[in-house]
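J.: Take a look at query-v2.txt, compact mmCIF, N, CA and C atoms and all ligand atoms:
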```txt
# COMPACT_ATOMS: atom_id res chain seq x y z
N MET U 1 28.57 30.63 1.27
CA MET U 1 27.90 31.42 0.22
C MET U 1 27.56 30.54 -0.97
N PHE U 2 28.52 29.72 -1.37
CA PHE U 2 28.31 28.86 -2.54
C PHE U 2 27.15 27.89 -2.27
N LEU U 3 27.12 27.38 -1.02
CA LEU U 3 26.10 26.40 -0.64
C LEU U 3 24.70 27.01 -0.76
N SER U 4 24.53 28.20 -0.24
CA SER U 4 23.20 28.81 -0.25
C SER U 4 22.77 29.11 -1.69
N PHE U 5 23.73 29.46 -2.51
CA PHE U 5 23.39 29.71 -3.91
C PHE U 5 22.86 28.42 -4.56
N THR U 6 23.53 27.32 -4.26
CA THR U 6 23.12 26.03 -4.83
C THR U 6 21.73 25.66 -4.35
N MET U 7 21.50 25.89 -3.06
CA MET U 7 20.21 25.52 -2.49
C MET U 7 19.06 26.28 -3.16
N SER U 8 19.25 27.59 -3.30
CA SER U 8 18.17 28.37 -3.89
C SER U 8 17.97 27.97 -5.35
N GLY U 9 19.06 27.56 -5.98
CA GLY U 9 18.96 27.11 -7.36
C GLY U 9 18.05 25.89 -7.48
N LEU U 10 18.12 25.04 -6.48
CA LEU U 10 17.27 23.86 -6.47
C LEU U 10 15.80 24.25 -6.53
N PHE U 11 15.44 25.19 -5.70
CA PHE U 11 14.02 25.52 -5.58
C PHE U 11 13.53 26.43 -6.70
N ALA U 12 14.48 27.09 -7.37
CA ALA U 12 14.08 27.94 -8.47
C ALA U 12 13.73 27.09 -9.70
N GLY U 13 14.09 25.83 -9.65
CA GLY U 13 13.70 24.96 -10.75
C GLY U 13 14.60 25.08 -11.95
N THR U 14 15.80 25.65 -11.77
CA THR U 14 16.69 25.83 -12.91
C THR U 14 17.59 24.62 -13.09
N SER U 15 17.72 23.81 -12.03
CA SER U 15 18.59 22.65 -12.13
C SER U 15 17.86 21.45 -12.68
N LEU U 16 18.52 20.70 -13.51
CA LEU U 16 17.93 19.48 -14.04
C LEU U 16 17.81 18.42 -12.96
N GLU U 17 18.59 18.61 -11.89
CA GLU U 17 18.56 17.61 -10.83
C GLU U 17 17.55 17.95 -9.76
N ARG U 18 16.72 18.92 -10.01
CA ARG U 18 15.69 19.27 -9.04
C ARG U 18 14.81 18.04 -8.80
N PRO U 19 14.67 17.64 -7.53
CA PRO U 19 13.81 16.47 -7.28
C PRO U 19 12.35 16.79 -7.60
N VAL U 20 11.66 15.83 -8.16
CA VAL U 20 10.23 16.00 -8.43
C VAL U 20 9.48 15.71 -7.13
N THR U 21 8.75 16.68 -6.68
CA THR U 21 8.05 16.51 -5.41
C THR U 21 6.54 16.38 -5.64
N CYS U 22 5.91 15.79 -4.67
CA CYS U 22 4.47 15.58 -4.72
C CYS U 22 3.75 16.90 -4.48
N GLU U 23 2.75 17.18 -5.30
CA GLU U 23 2.03 18.43 -5.17
C GLU U 23 1.12 18.43 -3.94
N ARG U 24 0.90 17.26 -3.36
CA ARG U 24 0.00 17.17 -2.22
C ARG U 24 0.75 17.24 -0.89
N CYS U 25 1.78 16.40 -0.72
CA CYS U 25 2.47 16.33 0.57
C CYS U 25 3.83 17.02 0.54
N GLY U 26 4.33 17.36 -0.65
CA GLY U 26 5.58 18.09 -0.75
C GLY U 26 6.81 17.21 -0.66
N LYS U 27 6.63 15.91 -0.48
CA LYS U 27 7.77 15.00 -0.40
C LYS U 27 8.24 14.63 -1.80
N VAL U 28 9.54 14.20 -1.90
CA VAL U 28 9.98 13.68 -3.19
C VAL U 28 9.17 12.43 -3.47
N LEU U 29 8.99 12.15 -4.74
CA LEU U 29 8.04 11.09 -5.12
C LEU U 29 8.43 9.72 -4.56
N ASP U 30 9.73 9.49 -4.38
CA ASP U 30 10.14 8.21 -3.82
C ASP U 30 9.62 8.01 -2.40
N GLU U 31 9.41 9.10 -1.69
CA GLU U 31 8.96 9.00 -0.30
C GLU U 31 7.48 9.27 -0.15
N CYS U 32 6.86 9.71 -1.22
CA CYS U 32 5.44 10.06 -1.16
C CYS U 32 4.59 8.81 -1.03
N ALA U 33 3.64 8.85 -0.12
CA ALA U 33 2.75 7.71 0.06
C ALA U 33 1.32 8.09 -0.28
N CYS U 34 1.12 9.20 -0.96
CA CYS U 34 -0.22 9.62 -1.31
C CYS U 34 -0.86 8.62 -2.28
N PRO U 35 -2.14 8.35 -2.11
CA PRO U 35 -2.80 7.47 -3.07
C PRO U 35 -2.87 8.12 -4.45
N ARG U 36 -2.64 7.30 -5.47
CA ARG U 36 -2.65 7.84 -6.84
C ARG U 36 -3.49 6.97 -7.77
N SER U 37 -4.07 7.63 -8.74
CA SER U 37 -4.85 6.90 -9.73
C SER U 37 -3.90 6.31 -10.76
N ALA U 38 -4.44 5.54 -11.69
CA ALA U 38 -3.62 4.90 -12.72
C ALA U 38 -2.85 5.92 -13.55
N SER U 39 -3.39 7.13 -13.67
CA SER U 39 -2.72 8.16 -14.47
C SER U 39 -1.60 8.83 -13.69
N GLY U 40 -1.46 8.50 -12.40
CA GLY U 40 -0.38 9.07 -11.62
C GLY U 40 -0.78 10.30 -10.82
N ALA U 41 -2.01 10.75 -10.98
CA ALA U 41 -2.46 11.92 -10.25
C ALA U 41 -2.79 11.55 -8.80
N VAL U 42 -2.50 12.48 -7.90
CA VAL U 42 -2.86 12.24 -6.51
C VAL U 42 -4.37 12.08 -6.41
N CYS U 43 -4.81 11.04 -5.73
CA CYS U 43 -6.23 10.73 -5.72
C CYS U 43 -6.62 10.17 -4.36
N GLY U 44 -6.72 11.04 -3.39
CA GLY U 44 -7.12 10.62 -2.05
C GLY U 44 -8.63 10.62 -1.91
N PRO U 45 -9.11 10.30 -0.71
CA PRO U 45 -10.56 10.27 -0.50
C PRO U 45 -11.25 11.56 -0.91
N LYS U 46 -10.67 12.72 -0.60
CA LYS U 46 -11.36 13.97 -0.90
C LYS U 46 -11.32 14.33 -2.38
N ASP U 47 -10.56 13.56 -3.17
CA ASP U 47 -10.56 13.77 -4.62
C ASP U 47 -11.58 12.88 -5.31
N GLN U 48 -12.28 12.07 -4.53
CA GLN U 48 -13.20 11.11 -5.12
C GLN U 48 -14.65 11.38 -4.70
N SER U 49 -15.55 11.22 -5.65
CA SER U 49 -16.97 11.43 -5.38
C SER U 49 -17.75 10.16 -5.68
N PRO U 50 -17.62 9.16 -4.81
CA PRO U 50 -18.37 7.93 -5.06
C PRO U 50 -19.87 8.15 -4.97
N ARG U 51 -20.59 7.38 -5.80
CA ARG U 51 -22.06 7.44 -5.80
C ARG U 51 -22.58 6.18 -5.10
N VAL U 52 -23.51 6.38 -4.20
CA VAL U 52 -24.06 5.26 -3.44
C VAL U 52 -25.52 5.08 -3.84
N ARG U 53 -25.84 3.89 -4.33
CA ARG U 53 -27.21 3.66 -4.78
C ARG U 53 -27.74 2.34 -4.21
N ARG U 54 -29.08 2.27 -4.18
CA ARG U 54 -29.73 1.02 -3.79
C ARG U 54 -30.05 0.22 -5.03
N GLU U 55 -29.99 -1.05 -4.91
CA GLU U 55 -30.26 -1.89 -6.06
C GLU U 55 -30.83 -3.21 -5.57
N LYS U 56 -31.76 -3.76 -6.35
CA LYS U 56 -32.32 -5.05 -5.99
C LYS U 56 -31.60 -6.13 -6.78
N ARG U 57 -30.99 -7.06 -6.08
CA ARG U 57 -30.29 -8.16 -6.73
C ARG U 57 -30.85 -9.46 -6.19
N ARG U 58 -31.29 -10.29 -7.08
CA ARG U 58 -31.91 -11.56 -6.72
C ARG U 58 -32.99 -11.35 -5.66
N GLY U 59 -33.78 -10.30 -5.87
CA GLY U 59 -34.93 -10.06 -5.00
C GLY U 59 -34.61 -9.40 -3.67
N LYS U 60 -33.33 -9.08 -3.44
CA LYS U 60 -32.96 -8.47 -2.16
C LYS U 60 -32.29 -7.13 -2.39
N TRP U 61 -32.57 -6.20 -1.48
CA TRP U 61 -31.93 -4.90 -1.58
C TRP U 61 -30.46 -5.01 -1.23
N CYS U 62 -29.66 -4.28 -1.99
CA CYS U 62 -28.26 -4.14 -1.59
C CYS U 62 -27.85 -2.70 -1.86
N THR U 63 -26.72 -2.33 -1.32
CA THR U 63 -26.22 -0.97 -1.46
C THR U 63 -24.95 -1.02 -2.28
N VAL U 64 -24.89 -0.24 -3.36
CA VAL U 64 -23.77 -0.28 -4.29
C VAL U 64 -23.00 1.03 -4.22
N VAL U 65 -21.69 0.93 -4.02
CA VAL U 65 -20.83 2.11 -4.04
C VAL U 65 -20.05 2.10 -5.34
N ALA U 66 -20.33 3.05 -6.22
CA ALA U 66 -19.68 3.13 -7.53
C ALA U 66 -18.83 4.40 -7.62
N GLY U 67 -17.90 4.38 -8.55
CA GLY U 67 -17.13 5.59 -8.82
C GLY U 67 -15.88 5.75 -7.99
N LEU U 68 -15.47 4.71 -7.29
CA LEU U 68 -14.21 4.77 -6.55
C LEU U 68 -13.06 4.48 -7.51
N ASP U 69 -11.90 5.10 -7.26
CA ASP U 69 -10.73 4.82 -8.08
C ASP U 69 -10.05 3.57 -7.54
N ALA U 70 -10.11 2.50 -8.32
CA ALA U 70 -9.61 1.21 -7.84
C ALA U 70 -8.09 1.19 -7.70
N ASP U 71 -7.40 2.08 -8.39
CA ASP U 71 -5.95 2.12 -8.26
C ASP U 71 -5.51 2.89 -7.02
N ALA U 72 -6.23 3.96 -6.73
CA ALA U 72 -5.83 4.81 -5.61
C ALA U 72 -6.47 4.38 -4.30
N THR U 73 -7.47 3.52 -4.39
CA THR U 73 -8.22 3.15 -3.20
C THR U 73 -8.02 1.69 -2.87
N ASP U 74 -7.81 1.38 -1.61
CA ASP U 74 -7.76 0.00 -1.16
C ASP U 74 -9.20 -0.47 -0.97
N LEU U 75 -9.78 -0.97 -2.07
CA LEU U 75 -11.21 -1.31 -2.04
C LEU U 75 -11.50 -2.39 -1.00
N LYS U 76 -10.59 -3.34 -0.86
CA LYS U 76 -10.83 -4.42 0.10
C LYS U 76 -10.88 -3.88 1.53
N ALA U 77 -9.96 -2.98 1.84
CA ALA U 77 -9.93 -2.42 3.19
C ALA U 77 -11.17 -1.56 3.42
N LEU U 78 -11.57 -0.82 2.39
CA LEU U 78 -12.76 0.02 2.52
C LEU U 78 -14.01 -0.83 2.70
N LEU U 79 -14.09 -1.90 1.93
CA LEU U 79 -15.24 -2.80 2.06
C LEU U 79 -15.29 -3.39 3.47
N LYS U 80 -14.14 -3.78 3.96
CA LYS U 80 -14.08 -4.38 5.30
C LYS U 80 -14.55 -3.37 6.35
N ALA U 81 -14.10 -2.13 6.21
CA ALA U 81 -14.50 -1.10 7.17
C ALA U 81 -16.00 -0.87 7.14
N LEU U 82 -16.57 -0.86 5.93
CA LEU U 82 -18.02 -0.64 5.81
C LEU U 82 -18.80 -1.84 6.34
N ARG U 83 -18.32 -3.04 6.02
CA ARG U 83 -19.00 -4.24 6.50
C ARG U 83 -19.00 -4.30 8.02
N THR U 84 -17.85 -4.00 8.59
CA THR U 84 -17.74 -4.02 10.04
C THR U 84 -18.63 -2.95 10.66
N GLY U 85 -18.57 -1.75 10.08
CA GLY U 85 -19.35 -0.65 10.63
C GLY U 85 -20.85 -0.87 10.54
N LEU U 86 -21.27 -1.51 9.46
CA LEU U 86 -22.70 -1.72 9.25
C LEU U 86 -23.17 -3.07 9.79
N GLY U 87 -22.23 -3.95 10.06
CA GLY U 87 -22.60 -5.27 10.52
C GLY U 87 -23.31 -6.08 9.46
N THR U 88 -22.85 -5.95 8.22
CA THR U 88 -23.48 -6.67 7.12
C THR U 88 -22.42 -7.29 6.22
N GLY U 89 -22.85 -8.12 5.30
CA GLY U 89 -21.92 -8.74 4.37
C GLY U 89 -21.78 -7.94 3.10
N GLY U 90 -20.87 -8.36 2.24
CA GLY U 90 -20.72 -7.65 0.98
C GLY U 90 -19.51 -8.12 0.23
N GLY U 91 -19.35 -7.59 -0.98
CA GLY U 91 -18.23 -8.00 -1.82
C GLY U 91 -17.88 -6.90 -2.80
N ILE U 92 -16.93 -7.22 -3.69
CA ILE U 92 -16.50 -6.27 -4.71
C ILE U 92 -16.77 -6.87 -6.08
N THR U 93 -17.49 -6.15 -6.92
CA THR U 93 -17.78 -6.61 -8.27
C THR U 93 -17.48 -5.48 -9.25
N ASP U 94 -16.58 -5.74 -10.18
CA ASP U 94 -16.24 -4.75 -11.21
C ASP U 94 -15.88 -3.39 -10.60
N GLY U 95 -15.14 -3.40 -9.51
CA GLY U 95 -14.70 -2.15 -8.89
C GLY U 95 -15.75 -1.46 -8.06
N GLU U 96 -16.92 -2.08 -7.95
CA GLU U 96 -17.97 -1.50 -7.12
C GLU U 96 -18.12 -2.31 -5.84
N LEU U 97 -18.36 -1.61 -4.74
CA LEU U 97 -18.60 -2.30 -3.48
C LEU U 97 -20.08 -2.61 -3.36
N ILE U 98 -20.39 -3.84 -3.09
CA ILE U 98 -21.78 -4.27 -2.94
C ILE U 98 -22.00 -4.70 -1.50
N LEU U 99 -22.88 -4.00 -0.80
CA LEU U 99 -23.19 -4.35 0.59
C LEU U 99 -24.61 -4.88 0.66
N GLN U 100 -24.80 -5.89 1.46
CA GLN U 100 -26.13 -6.47 1.59
C GLN U 100 -27.02 -5.56 2.41
N GLY U 101 -28.25 -5.39 1.92
CA GLY U 101 -29.22 -4.58 2.65
C GLY U 101 -29.23 -3.14 2.18
N ASP U 102 -30.25 -2.43 2.57
CA ASP U 102 -30.40 -1.02 2.20
C ASP U 102 -29.73 -0.15 3.25
N HIS U 103 -28.50 0.26 2.97
CA HIS U 103 -27.74 1.08 3.92
C HIS U 103 -27.25 2.35 3.24
N ARG U 104 -27.98 2.81 2.22
CA ARG U 104 -27.46 3.91 1.41
C ARG U 104 -27.05 5.12 2.25
N ASP U 105 -27.97 5.61 3.06
CA ASP U 105 -27.67 6.83 3.81
C ASP U 105 -26.52 6.61 4.80
N ALA U 106 -26.51 5.43 5.43
CA ALA U 106 -25.44 5.13 6.40
C ALA U 106 -24.08 5.04 5.70
N VAL U 107 -24.08 4.45 4.48
CA VAL U 107 -22.83 4.33 3.74
C VAL U 107 -22.33 5.71 3.30
N VAL U 108 -23.25 6.55 2.84
CA VAL U 108 -22.86 7.92 2.45
C VAL U 108 -22.24 8.63 3.64
N ALA U 109 -22.88 8.50 4.80
CA ALA U 109 -22.39 9.18 6.00
C ALA U 109 -21.01 8.67 6.40
N ARG U 110 -20.81 7.36 6.32
CA ARG U 110 -19.53 6.80 6.71
C ARG U 110 -18.43 7.20 5.74
N LEU U 111 -18.73 7.17 4.45
CA LEU U 111 -17.73 7.58 3.46
C LEU U 111 -17.35 9.04 3.65
N CYS U 112 -18.34 9.87 3.96
CA CYS U 112 -18.06 11.29 4.19
C CYS U 112 -17.18 11.47 5.42
N GLU U 113 -17.42 10.65 6.45
CA GLU U 113 -16.58 10.70 7.65
C GLU U 113 -15.14 10.37 7.30
N MET U 114 -14.96 9.46 6.34
CA MET U 114 -13.60 9.07 5.93
C MET U 114 -12.98 10.10 5.01
N GLY U 115 -13.73 11.10 4.59
CA GLY U 115 -13.18 12.15 3.75
C GLY U 115 -13.63 12.11 2.31
N TYR U 116 -14.37 11.05 1.92
CA TYR U 116 -14.85 10.97 0.55
C TYR U 116 -16.00 11.97 0.34
N ARG U 117 -16.14 12.44 -0.86
CA ARG U 117 -17.27 13.31 -1.21
C ARG U 117 -18.40 12.43 -1.75
N ALA U 118 -18.86 11.55 -0.91
CA ALA U 118 -19.87 10.59 -1.33
C ALA U 118 -21.23 11.26 -1.46
N LYS U 119 -22.00 10.77 -2.47
CA LYS U 119 -23.34 11.30 -2.68
C LYS U 119 -24.30 10.16 -2.93
N PRO U 120 -25.52 10.29 -2.41
CA PRO U 120 -26.53 9.28 -2.73
C PRO U 120 -26.97 9.41 -4.18
N ALA U 121 -27.29 8.29 -4.80
CA ALA U 121 -27.75 8.31 -6.19
C ALA U 121 -28.96 7.39 -6.32
N GLY U 122 -29.72 7.63 -7.36
CA GLY U 122 -30.87 6.79 -7.63
C GLY U 122 -32.02 7.08 -6.68
N GLY U 123 -33.04 6.20 -6.72
CA GLY U 123 -34.23 6.45 -5.91
C GLY U 123 -34.18 5.82 -4.54
ZN ZN A 201 2.44 12.91 -1.65
```
So that I can check it, write out the structure of this file as structure tokens.
Ligand SMILES: [Zn+2]

T.:
Amino acid sequence: MFLSFTMSGLFAGTSLERPVTCERCGKVLDECACPRSASGAVCGPKDQSPRVRREKRRGKWCTVVAGLDADATDLKALLKALRTGLGTGGGITDGELILQGDHRDAVVARLCEMGYRAKPAGG
């Protein structure tokens, strides 16, 4: 009886020792692996709305992905996945992914497949 009382006390939030759990996965924060932004908020792909635009750099078209959270997102891994998927080169500049060539629609589609709320931007 005493045990069950203690347990319910935990979840009622009356104990100071109540573990702080993640609002997304429900795990205690030490075990939570959810991506988070610099402010500590859960920030997974579906919490992000990257903008994908075309841009001419040094006379060549490239595709720029802006608006990703650099703290919550593994930009290098994402860039690699896009480069491999599109069969093109690219890099990261100031937190933006730059892919060679005009692949705006393909990049939007791939980001959406990964769960991002990606949108095309610009002309
Ligand atoms: Zn979590």

J.: My list of candidates is U:Cys34, U:Val20, U:Val65, U:Ala77. Which is closest to ligand ZN 201 (chain A) when distances are computed with all atoms listed in the file?

T.: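 Distance minimum relative to ligand ZN 201 (chain A) lands on U:Cys34.
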
J.: Enumerate residues in contact with ligand ZN 201 (chain A): an atom-to-atom distance of at most 8 Å, counting only N, CA and C atoms and all ligand atoms. Format the result as a PyMOL selection string.

T.: chain U and resi 21-29+31-35+42

J.: So how many Å separate CA of Leu68 (chain U) and CA of Pro45 (chain U), to one decimal?

T.: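 We find that CA of Leu68 (chain U) and CA of Pro45 (chain U) lie 9.0 Å from each other.
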
J.: Report the residues of chain U whose backbone DSSP state falls under alpha helix (DSSP H), written as JSON, numbers by chain.

T.: {"U": [2, 3, 4, 5, 6, 7, 8, 9, 10, 11, 12, 75, 76, 77, 78, 79, 80, 81, 82, 83, 84, 85, 86, 104, 105, 106, 107, 108, 109, 110, 111, 112, 113]}

J.: Work out how far CA of Ala81 (chain U) is from CA of Val108 (chain U), in Å to one decimal.

T.: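 So the two atoms, CA of Val108 (chain U) and CA of Ala81 (chain U), lie 13.2 Å apart.
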
J.: If you measure from atom N of Asp102 (chain U) to CA of Thr63 (chain U), what distance in Å do you get, rounded to one decimal?

T.: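 For atom N of Asp102 (chain U) relative to CA of Thr63 (chain U), the distance reads 5.9 Å.
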
J.: For Glu55 (chain U), work out the shell of residues within 9 Å, counting only C-alpha atoms and skipping chain neighbours fewer than 3 positions away, then give it as number ranges by chain.

T.: U: 60-64, 102, 122

J.: Could you please take those selected residues and save N, CA and C atoms as a compact mmCIF listing (two decimals), in the coordinates of the input?

T.:
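Generated output (again-v8.txt):
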```txt
# COMPACT_ATOMS: atom_id res chain seq x y z
N LYS U 60 -33.33 -9.08 -3.44
CA LYS U 60 -32.96 -8.47 -2.16
C LYS U 60 -32.29 -7.13 -2.39
N TRP U 61 -32.57 -6.20 -1.48
CA TRP U 61 -31.93 -4.90 -1.58
C TRP U 61 -30.46 -5.01 -1.23
N CYS U 62 -29.66 -4.28 -1.99
CA CYS U 62 -28.26 -4.14 -1.59
C CYS U 62 -27.85 -2.70 -1.86
N THR U 63 -26.72 -2.33 -1.32
CA THR U 63 -26.22 -0.97 -1.46
C THR U 63 -24.95 -1.02 -2.28
N VAL U 64 -24.89 -0.24 -3.36
CA VAL U 64 -23.77 -0.28 -4.29
C VAL U 64 -23.00 1.03 -4.22
N ASP U 102 -30.25 -2.43 2.57
CA ASP U 102 -30.40 -1.02 2.20
C ASP U 102 -29.73 -0.15 3.25
N GLY U 122 -29.72 7.63 -7.36
CA GLY U 122 -30.87 6.79 -7.63
C GLY U 122 -32.02 7.08 -6.68
```

J.: Kindly extract all protein, DNA and RNA residues lying within 6.5 Å of the coordinates (-25.0, 11.2, 2.7) given in the file, considering only N, CA and C atoms, and supply them as a PDB file with N, CA and C atoms, in the coordinates of the input.

T.:
```pdb
ATOM      1  N   ARG U 104     -27.980   2.810   2.220  1.00  0.00           N
ATOM      2  CA  ARG U 104     -27.460   3.910   1.410  1.00  0.00           C
ATOM      3  C   ARG U 104     -27.050   5.120   2.250  1.00  0.00           C
ATOM      4  N   ASP U 105     -27.970   5.610   3.060  1.00  0.00           N
ATOM      5  CA  ASP U 105     -27.670   6.830   3.810  1.00  0.00           C
ATOM      6  C   ASP U 105     -26.520   6.610   4.800  1.00  0.00           C
ATOM      7  N   VAL U 107     -24.080   4.450   4.480  1.00  0.00           N
ATOM      8  CA  VAL U 107     -22.830   4.330   3.740  1.00  0.00           C
ATOM      9  C   VAL U 107     -22.330   5.710   3.300  1.00  0.00           C
ATOM     10  N   VAL U 108     -23.250   6.550   2.840  1.00  0.00           N
ATOM     11  CA  VAL U 108     -22.860   7.920   2.450  1.00  0.00           C
ATOM     12  C   VAL U 108     -22.240   8.630   3.640  1.00  0.00           C
ATOM     13  N   ALA U 109     -22.880   8.500   4.800  1.00  0.00           N
ATOM     14  CA  ALA U 109     -22.390   9.180   6.000  1.00  0.00           C
ATOM     15  C   ALA U 109     -21.010   8.670   6.400  1.00  0.00           C
ATOM     16  N   ALA U 118     -18.860  11.550  -0.910  1.00  0.00           N
ATOM     17  CA  ALA U 118     -19.870  10.590  -1.330  1.00  0.00           C
ATOM     18  C   ALA U 118     -21.230  11.260  -1.460  1.00  0.00           C
ATOM     19  N   LYS U 119     -22.000  10.770  -2.470  1.00  0.00           N
ATOM     20  CA  LYS U 119     -23.340  11.300  -2.680  1.00  0.00           C
ATOM     21  C   LYS U 119     -24.300  10.160  -2.930  1.00  0.00           C
ATOM     22  N   PRO U 120     -25.520  10.290  -2.410  1.00  0.00           N
ATOM     23  CA  PRO U 120     -26.530   9.280  -2.730  1.00  0.00           C
ATOM     24  C   PRO U 120     -26.970   9.410  -4.180  1.00  0.00           C
TER      25      PRO U 120
END
```

J.: Kindly indicate which residue among U:Leu111, U:Cys43, U:Gly95, U:His103 lies nearest to Ala70 (chain U), using only N, CA and C atoms for the distances.

T.: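 Among the listed residues, U:Gly95 lies closest to Ala70 (chain U).
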
J.: Select, from U:Asp74, U:Asp69, U:Glu113, U:Glu96, the residue with the minimum atom-to-atom distance to Arg53 (chain U), counting only C-alpha atoms.

T.: U:Glu96

J.: If DSSP is run on the backbone, what residues of chain U are strand (DSSP E or B)? A reply as JSON, numbers by chain would be ideal.

T.: {"U": [21, 28, 36, 42, 51, 52, 53, 54, 55, 56, 57, 60, 61, 62, 63, 64, 65, 66, 90, 91, 92, 93, 96, 97, 98, 99, 100, 119, 120, 121]}

J.: Export region 36-52 of chain U from the structure block above, keeping N, CA and C atoms, as a compact mmCIF listing (two decimals), in the first residue's frame.

T.:
```txt
# COMPACT_ATOMS: atom_id res chain seq x y z
N ARG U 36 17.47 18.38 -30.06
CA ARG U 36 17.04 19.61 -29.39
C ARG U 36 17.77 20.83 -29.95
N SER U 37 17.08 21.93 -29.92
CA SER U 37 17.70 23.18 -30.37
C SER U 37 18.54 23.74 -29.23
N ALA U 38 19.24 24.83 -29.50
CA ALA U 38 20.11 25.44 -28.50
C ALA U 38 19.34 25.85 -27.25
N SER U 39 18.06 26.15 -27.41
CA SER U 39 17.25 26.58 -26.27
C SER U 39 16.77 25.39 -25.44
N GLY U 40 17.04 24.17 -25.91
CA GLY U 40 16.66 22.99 -25.15
C GLY U 40 15.32 22.41 -25.56
N ALA U 41 14.63 23.05 -26.49
CA ALA U 41 13.33 22.55 -26.93
C ALA U 41 13.53 21.37 -27.89
N VAL U 42 12.62 20.41 -27.80
CA VAL U 42 12.68 19.30 -28.73
C VAL U 42 12.51 19.83 -30.15
N CYS U 43 13.38 19.43 -31.04
CA CYS U 43 13.39 20.01 -32.37
C CYS U 43 13.75 18.94 -33.40
N GLY U 44 12.81 18.08 -33.70
CA GLY U 44 13.04 17.04 -34.69
C GLY U 44 12.71 17.53 -36.08
N PRO U 45 12.84 16.65 -37.07
CA PRO U 45 12.55 17.06 -38.44
C PRO U 45 11.17 17.69 -38.60
N LYS U 46 10.15 17.14 -37.96
CA LYS U 46 8.80 17.67 -38.16
C LYS U 46 8.56 18.99 -37.45
N ASP U 47 9.53 19.41 -36.62
CA ASP U 47 9.42 20.73 -35.98
C ASP U 47 10.13 21.80 -36.81
N GLN U 48 10.71 21.40 -37.92
CA GLN U 48 11.49 22.34 -38.71
C GLN U 48 10.90 22.55 -40.10
N SER U 49 10.93 23.78 -40.55
CA SER U 49 10.41 24.12 -41.87
C SER U 49 11.51 24.75 -42.72
N PRO U 50 12.44 23.93 -43.18
CA PRO U 50 13.51 24.50 -44.01
C PRO U 50 12.97 25.03 -45.33
N ARG U 51 13.62 26.10 -45.81
CA ARG U 51 13.26 26.71 -47.09
C ARG U 51 14.32 26.31 -48.11
N VAL U 52 13.87 25.87 -49.26
CA VAL U 52 14.79 25.44 -50.31
C VAL U 52 14.69 26.41 -51.48
```
